[in-house]
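As structure tokens, the structure follows; a few thoughts come after it.
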Amino acid sequence: MKNKLLEFKQVNLEETGHGKLKDVSFFLRRGFVTALLGMDISGPELLVRLLLGRIPFVWGDSQVYFEGREVDDHSQIRGRIYYYKEGTKPMETWTVSEYLFSDRPVRLLCKSTMKKMDRALSPIFRKYGLEFSPMKKIGQLSELEQRKTELIKAVLQDAQMIIIEDECKGLTYEEIKEYKQCLQRIIDGKRAVLLISHAETVFQTLADDIVIFRKGRVVKKCFGIDGKIPFDWRAYVLGNTLIQKKHAIDMIRRKKMDKKEVVYRVSGLYFDKERSDLQFRRGEVTTFLLFDNGRREEFFLEISGRRKVEDVQYILKGKTLSFSKYEDLIRHKIISVTRLKE
């Protein structure tokens, strides 16, 4: 296929804390957005670290091809890849022009220099449909404008491949569609985009192709999804065994469980647009499986009391707790841990 930009052939790699890759083979097409789907440490995040040169890897002994040529050393692709991760923001007092030219040898940003940068950027902004001024402050940009600015930076660096880790927090569905249009203008059949996102709305809207990972292996590929994945992608992400277990658990009546003491309750929390009463019983481990990475973090903050939610009751052994900060919950021996090693 002539429009392949990057290709992996049976790549194997393992890194403690980030998972492994086992005989991974797939490719990215020029002019298309490819989403990598999978649970945490199932492969996509490790693949990004590999492409960014953040882990030891013997390139010459592995079959990785960029623009049809085998990669013998990471330096051959280092300057060809642009990486953007949601939440990474430059100084808010900078103008967009200053940020976009921040890697250039401009030591003194006098008025004449600023005007030159503005004149240089204006036609580029028009070409890619950016309607805000290059002189606008970074702190004044909307969430969508910030993302568009990052795409222009990739263009200015002449990146052939753009890696995006983004859950699109703060964007409406219409803005995500506009983000997609901007991406299409940017890649224009010349560049390839690798997308990492756990939000279904995001990857179904932005992606043209998908590659699904599970336990370090590629288990499914699909090209040209056109806003809709034509199969149950969750079954591939989770695996049939876990899906079957989930269905079995959902069907079990909780007769025996109801007899167990409810130690902790979170009552009145909205989850998936429904008001829920979550009960945690003595002697049980409860696991929540959320595909939306942004919502997963919010949900943790809410059920742990780290973020107090209006009209939600936190009940310990039948007694409703009154607290102003989550340290108050610690005094009641309700402990929340963000990372298991901490």
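Chain identifiers are assigned as A, B, and so on, following the order in which chains appear in the structure tokens; residues are numbered from 1 within each chain, and ligands are numbered from 1 in order of appearance.
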Can you tell me which residues surround Tyr65 (chain A) at a distance of at most 9 Å, considering only C-alpha atoms, apart from same-chain residues fewer than 4 positions away, and format the answer as a CSV table (one decimal) with C-alpha atoms, in the first residue's frame?
chain,number,residue,atom,x,y,z
A,5,LEU,CA,3.7,6.1,6.6
A,6,LEU,CA,4.6,3.9,9.5
A,7,GLU,CA,4.5,0.1,9.8
A,8,PHE,CA,5.3,-2.4,12.5
A,9,LYS,CA,6.0,-6.1,11.8
A,69,ARG,CA,12.5,2.4,4.9
A,70,GLU,CA,13.5,0.3,7.9
A,71,VAL,CA,14.3,2.3,11.0
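For the atom pair formed by CA of Arg281 (chain A) and CA of Leu316 (chain A), the distance is 10.9 Å, given to one decimal.
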For the contact check between region 7-116 of chain A and region 180-204 of chain A, emit one row per residue of region 7-116 of chain A within 8 Å, containing the shortest atom pair and the distance in Å rounded to one decimal, counting only C-alpha atoms, chain then rising number order, as a tab-separated table.
residue	atom	partner	partner_atom	distance
A:Leu28	CA	A:Ala192	CA	6.5
A:Arg29	CA	A:Ala192	CA	5.9
A:Arg30	CA	A:Ala192	CA	4.6
A:Gly31	CA	A:Gly189	CA	3.6
A:Phe32	CA	A:Ala192	CA	5.5
A:Val33	CA	A:Val193	CA	4.6
A:Thr34	CA	A:Leu194	CA	5.0
A:Ala35	CA	A:Leu195	CA	4.5
A:Leu36	CA	A:Ile196	CA	5.6
A:Leu37	CA	A:Ile196	CA	7.0
A:Gly38	CA	A:His198	CA	7.9
A:Pro44	CA	A:Ile196	CA	7.2
A:Glu45	CA	A:Ile196	CA	7.9
Write a file of the just-selected residues containing all heavy atoms, as a JSON list (two decimals), in the first residue's frame.
[["chain", "number", "residue", "atom", "x", "y", "z"],
["A", 28, "LEU", "N", 0.08, 2.69, 9.84],
["A", 28, "LEU", "CA", -0.65, 3.96, 9.80],
["A", 28, "LEU", "C", -0.64, 4.48, 8.37],
["A", 28, "LEU", "O", 0.40, 4.47, 7.71],
["A", 28, "LEU", "CB", 0.01, 5.00, 10.72],
["A", 28, "LEU", "CG", -0.45, 5.08, 12.17],
["A", 28, "LEU", "CD1", -0.16, 3.77, 12.90],
["A", 28, "LEU", "CD2", 0.23, 6.23, 12.90],
["A", 29, "ARG", "N", -1.81, 4.96, 7.93],
["A", 29, "ARG", "CA", -1.94, 5.45, 6.57],
["A", 29, "ARG", "C", -1.84, 6.98, 6.52],
["A", 29, "ARG", "O", -2.37, 7.68, 7.39],
["A", 29, "ARG", "CB", -3.29, 5.05, 5.98],
["A", 29, "ARG", "CG", -3.52, 3.56, 5.93],
["A", 29, "ARG", "CD", -4.78, 3.24, 5.13],
["A", 29, "ARG", "NE", -6.00, 3.67, 5.80],
["A", 29, "ARG", "CZ", -7.18, 3.74, 5.19],
["A", 29, "ARG", "NH1", -7.29, 3.45, 3.90],
["A", 29, "ARG", "NH2", -8.26, 4.12, 5.85],
["A", 30, "ARG", "N", -1.14, 7.47, 5.52],
["A", 30, "ARG", "CA", -1.10, 8.92, 5.29],
["A", 30, "ARG", "C", -2.52, 9.42, 5.02],
["A", 30, "ARG", "O", -3.30, 8.79, 4.30],
["A", 30, "ARG", "CB", -0.24, 9.26, 4.08],
["A", 30, "ARG", "CG", 1.25, 9.02, 4.26],
["A", 30, "ARG", "CD", 1.97, 9.43, 2.98],
["A", 30, "ARG", "NE", 3.39, 9.15, 3.01],
["A", 30, "ARG", "CZ", 4.29, 9.98, 3.52],
["A", 30, "ARG", "NH1", 3.90, 11.13, 4.05],
["A", 30, "ARG", "NH2", 5.57, 9.67, 3.52],
["A", 31, "GLY", "N", -2.84, 10.56, 5.60],
["A", 31, "GLY", "CA", -4.15, 11.16, 5.34],
["A", 31, "GLY", "C", -5.25, 10.62, 6.22],
["A", 31, "GLY", "O", -6.42, 10.96, 6.02],
["A", 32, "PHE", "N", -4.89, 9.79, 7.20],
["A", 32, "PHE", "CA", -5.92, 9.17, 8.04],
["A", 32, "PHE", "C", -5.55, 9.26, 9.51],
["A", 32, "PHE", "O", -4.38, 9.35, 9.88],
["A", 32, "PHE", "CB", -6.10, 7.70, 7.66],
["A", 32, "PHE", "CG", -6.63, 7.50, 6.27],
["A", 32, "PHE", "CD1", -5.75, 7.36, 5.20],
["A", 32, "PHE", "CD2", -7.99, 7.46, 6.02],
["A", 32, "PHE", "CE1", -6.22, 7.19, 3.91],
["A", 32, "PHE", "CE2", -8.48, 7.28, 4.73],
["A", 32, "PHE", "CZ", -7.59, 7.14, 3.67],
["A", 33, "VAL", "N", -6.59, 9.20, 10.36],
["A", 33, "VAL", "CA", -6.43, 9.16, 11.82],
["A", 33, "VAL", "C", -6.66, 7.73, 12.27],
["A", 33, "VAL", "O", -7.71, 7.15, 12.02],
["A", 33, "VAL", "CB", -7.44, 10.09, 12.52],
["A", 33, "VAL", "CG1", -7.28, 9.98, 14.05],
["A", 33, "VAL", "CG2", -7.26, 11.53, 12.06],
["A", 34, "THR", "N", -5.64, 7.16, 12.92],
["A", 34, "THR", "CA", -5.74, 5.79, 13.43],
["A", 34, "THR", "C", -5.80, 5.81, 14.94],
["A", 34, "THR", "O", -4.89, 6.33, 15.59],
["A", 34, "THR", "CB", -4.53, 4.94, 12.98],
["A", 34, "THR", "OG1", -4.47, 4.92, 11.55],
["A", 34, "THR", "CG2", -4.65, 3.51, 13.49],
["A", 35, "ALA", "N", -6.88, 5.27, 15.51],
["A", 35, "ALA", "CA", -7.04, 5.20, 16.97],
["A", 35, "ALA", "C", -6.57, 3.85, 17.47],
["A", 35, "ALA", "O", -6.91, 2.81, 16.89],
["A", 35, "ALA", "CB", -8.50, 5.42, 17.35],
["A", 36, "LEU", "N", -5.78, 3.87, 18.54],
["A", 36, "LEU", "CA", -5.37, 2.64, 19.20],
["A", 36, "LEU", "C", -6.23, 2.47, 20.45],
["A", 36, "LEU", "O", -6.21, 3.32, 21.34],
["A", 36, "LEU", "CB", -3.89, 2.69, 19.59],
["A", 36, "LEU", "CG", -2.89, 3.00, 18.47],
["A", 36, "LEU", "CD1", -1.47, 2.84, 18.98],
["A", 36, "LEU", "CD2", -3.12, 2.11, 17.25],
["A", 37, "LEU", "N", -7.00, 1.38, 20.51],
["A", 37, "LEU", "CA", -7.91, 1.14, 21.63],
["A", 37, "LEU", "C", -7.36, 0.02, 22.50],
["A", 37, "LEU", "O", -6.72, -0.91, 22.01],
["A", 37, "LEU", "CB", -9.30, 0.74, 21.13],
["A", 37, "LEU", "CG", -9.97, 1.64, 20.09],
["A", 37, "LEU", "CD1", -11.39, 1.17, 19.83],
["A", 37, "LEU", "CD2", -9.96, 3.09, 20.52],
["A", 38, "GLY", "N", -7.66, 0.11, 23.79],
["A", 38, "GLY", "CA", -7.23, -0.94, 24.70],
["A", 38, "GLY", "C", -7.30, -0.46, 26.14],
["A", 38, "GLY", "O", -7.32, 0.73, 26.41],
["A", 44, "PRO", "N", -1.10, 0.27, 23.73],
["A", 44, "PRO", "CA", -1.01, 1.58, 23.08],
["A", 44, "PRO", "C", -0.06, 2.56, 23.76],
["A", 44, "PRO", "O", 0.73, 3.24, 23.09],
["A", 44, "PRO", "CB", -2.46, 2.09, 23.13],
["A", 44, "PRO", "CG", -3.27, 0.84, 23.08],
["A", 44, "PRO", "CD", -2.50, -0.16, 23.90],
["A", 45, "GLU", "N", -0.12, 2.65, 25.10],
["A", 45, "GLU", "CA", 0.75, 3.60, 25.79],
["A", 45, "GLU", "C", 2.22, 3.24, 25.64],
["A", 45, "GLU", "O", 3.09, 4.11, 25.48],
["A", 45, "GLU", "CB", 0.38, 3.67, 27.28],
["A", 45, "GLU", "CG", -0.98, 4.26, 27.58],
["A", 45, "GLU", "CD", -2.10, 3.24, 27.52],
["A", 45, "GLU", "OE1", -1.82, 2.07, 27.14],
["A", 45, "GLU", "OE2", -3.25, 3.59, 27.84]]
Shell of 9 Å around region 142-148 of chain A, only C-alpha atoms, local chain residues under 2 positions omitted, as a ChimeraX atom specification | /A:84,86,89,130,132,138-140,150-153,168-171,175-176,178-179,182-183
Given the selection you just returned, output its residues as a file containing N, CA and C atoms, formatted as a short mmCIF file (atom, residue, chain, number, x, y, z; two decimals), in the first residue's frame.
data_model
loop_
_atom_site.label_atom_id
_atom_site.label_comp_id
_atom_site.auth_asym_id
_atom_site.auth_seq_id
_atom_site.Cartn_x
_atom_site.Cartn_y
_atom_site.Cartn_z
N TYR A 84 1.27 15.53 21.13
CA TYR A 84 0.44 16.42 21.94
C TYR A 84 -0.37 15.59 22.92
N GLU A 86 -3.30 15.98 25.98
CA GLU A 86 -4.29 16.87 26.59
C GLU A 86 -3.83 17.34 27.96
N LYS A 89 -0.06 22.63 28.58
CA LYS A 89 -0.30 24.00 28.15
C LYS A 89 0.97 24.85 28.31
N LEU A 130 -8.33 28.56 10.64
CA LEU A 130 -8.30 29.07 12.00
C LEU A 130 -8.75 30.52 11.99
N PHE A 132 -9.11 32.64 14.65
CA PHE A 132 -8.62 33.56 15.69
C PHE A 132 -7.26 34.12 15.28
N ILE A 138 -2.45 32.91 24.84
CA ILE A 138 -2.71 31.50 25.06
C ILE A 138 -3.81 31.31 26.11
N GLY A 139 -3.77 32.13 27.16
CA GLY A 139 -4.76 32.01 28.23
C GLY A 139 -6.16 32.37 27.81
N GLN A 140 -6.31 33.02 26.65
CA GLN A 140 -7.63 33.41 26.16
C GLN A 140 -8.22 32.42 25.16
N GLU A 150 -2.00 23.57 18.48
CA GLU A 150 -1.03 22.46 18.51
C GLU A 150 -0.86 21.85 17.13
N LEU A 151 -1.93 21.76 16.37
CA LEU A 151 -1.84 21.19 15.02
C LEU A 151 -1.02 22.09 14.10
N ILE A 152 -1.16 23.41 14.27
CA ILE A 152 -0.35 24.33 13.47
C ILE A 152 1.13 24.19 13.84
N LYS A 153 1.40 23.98 15.13
CA LYS A 153 2.79 23.79 15.55
C LYS A 153 3.38 22.54 14.88
N CYS A 168 -10.61 14.94 24.96
CA CYS A 168 -11.43 16.08 24.50
C CYS A 168 -12.32 16.64 25.62
N LYS A 169 -11.74 16.74 26.82
CA LYS A 169 -12.50 17.36 27.91
C LYS A 169 -12.80 18.82 27.57
N GLY A 170 -14.00 19.25 27.87
CA GLY A 170 -14.38 20.63 27.62
C GLY A 170 -14.89 20.90 26.22
N LEU A 171 -14.89 19.88 25.35
CA LEU A 171 -15.40 20.05 23.99
C LEU A 171 -16.79 19.46 23.86
N GLU A 175 -18.05 20.58 18.61
CA GLU A 175 -16.66 21.02 18.58
C GLU A 175 -15.72 19.86 18.24
N ILE A 176 -16.06 18.65 18.71
CA ILE A 176 -15.25 17.48 18.34
C ILE A 176 -15.31 17.26 16.83
N GLU A 178 -15.79 19.60 14.62
CA GLU A 178 -14.98 20.67 14.02
C GLU A 178 -13.49 20.36 14.17
N TYR A 179 -13.11 19.75 15.28
CA TYR A 179 -11.74 19.29 15.51
C TYR A 179 -11.35 18.29 14.42
N CYS A 182 -10.63 20.06 11.16
CA CYS A 182 -9.31 20.69 11.20
C CYS A 182 -8.21 19.65 11.01
N LEU A 183 -8.37 18.49 11.65
CA LEU A 183 -7.40 17.40 11.47
C LEU A 183 -7.30 16.99 10.01
#
Coordinates-based distance that separates CA of Gln160 (chain A) from CA of Arg80 (chain A) (Å, one decimal) | 5.3 Å
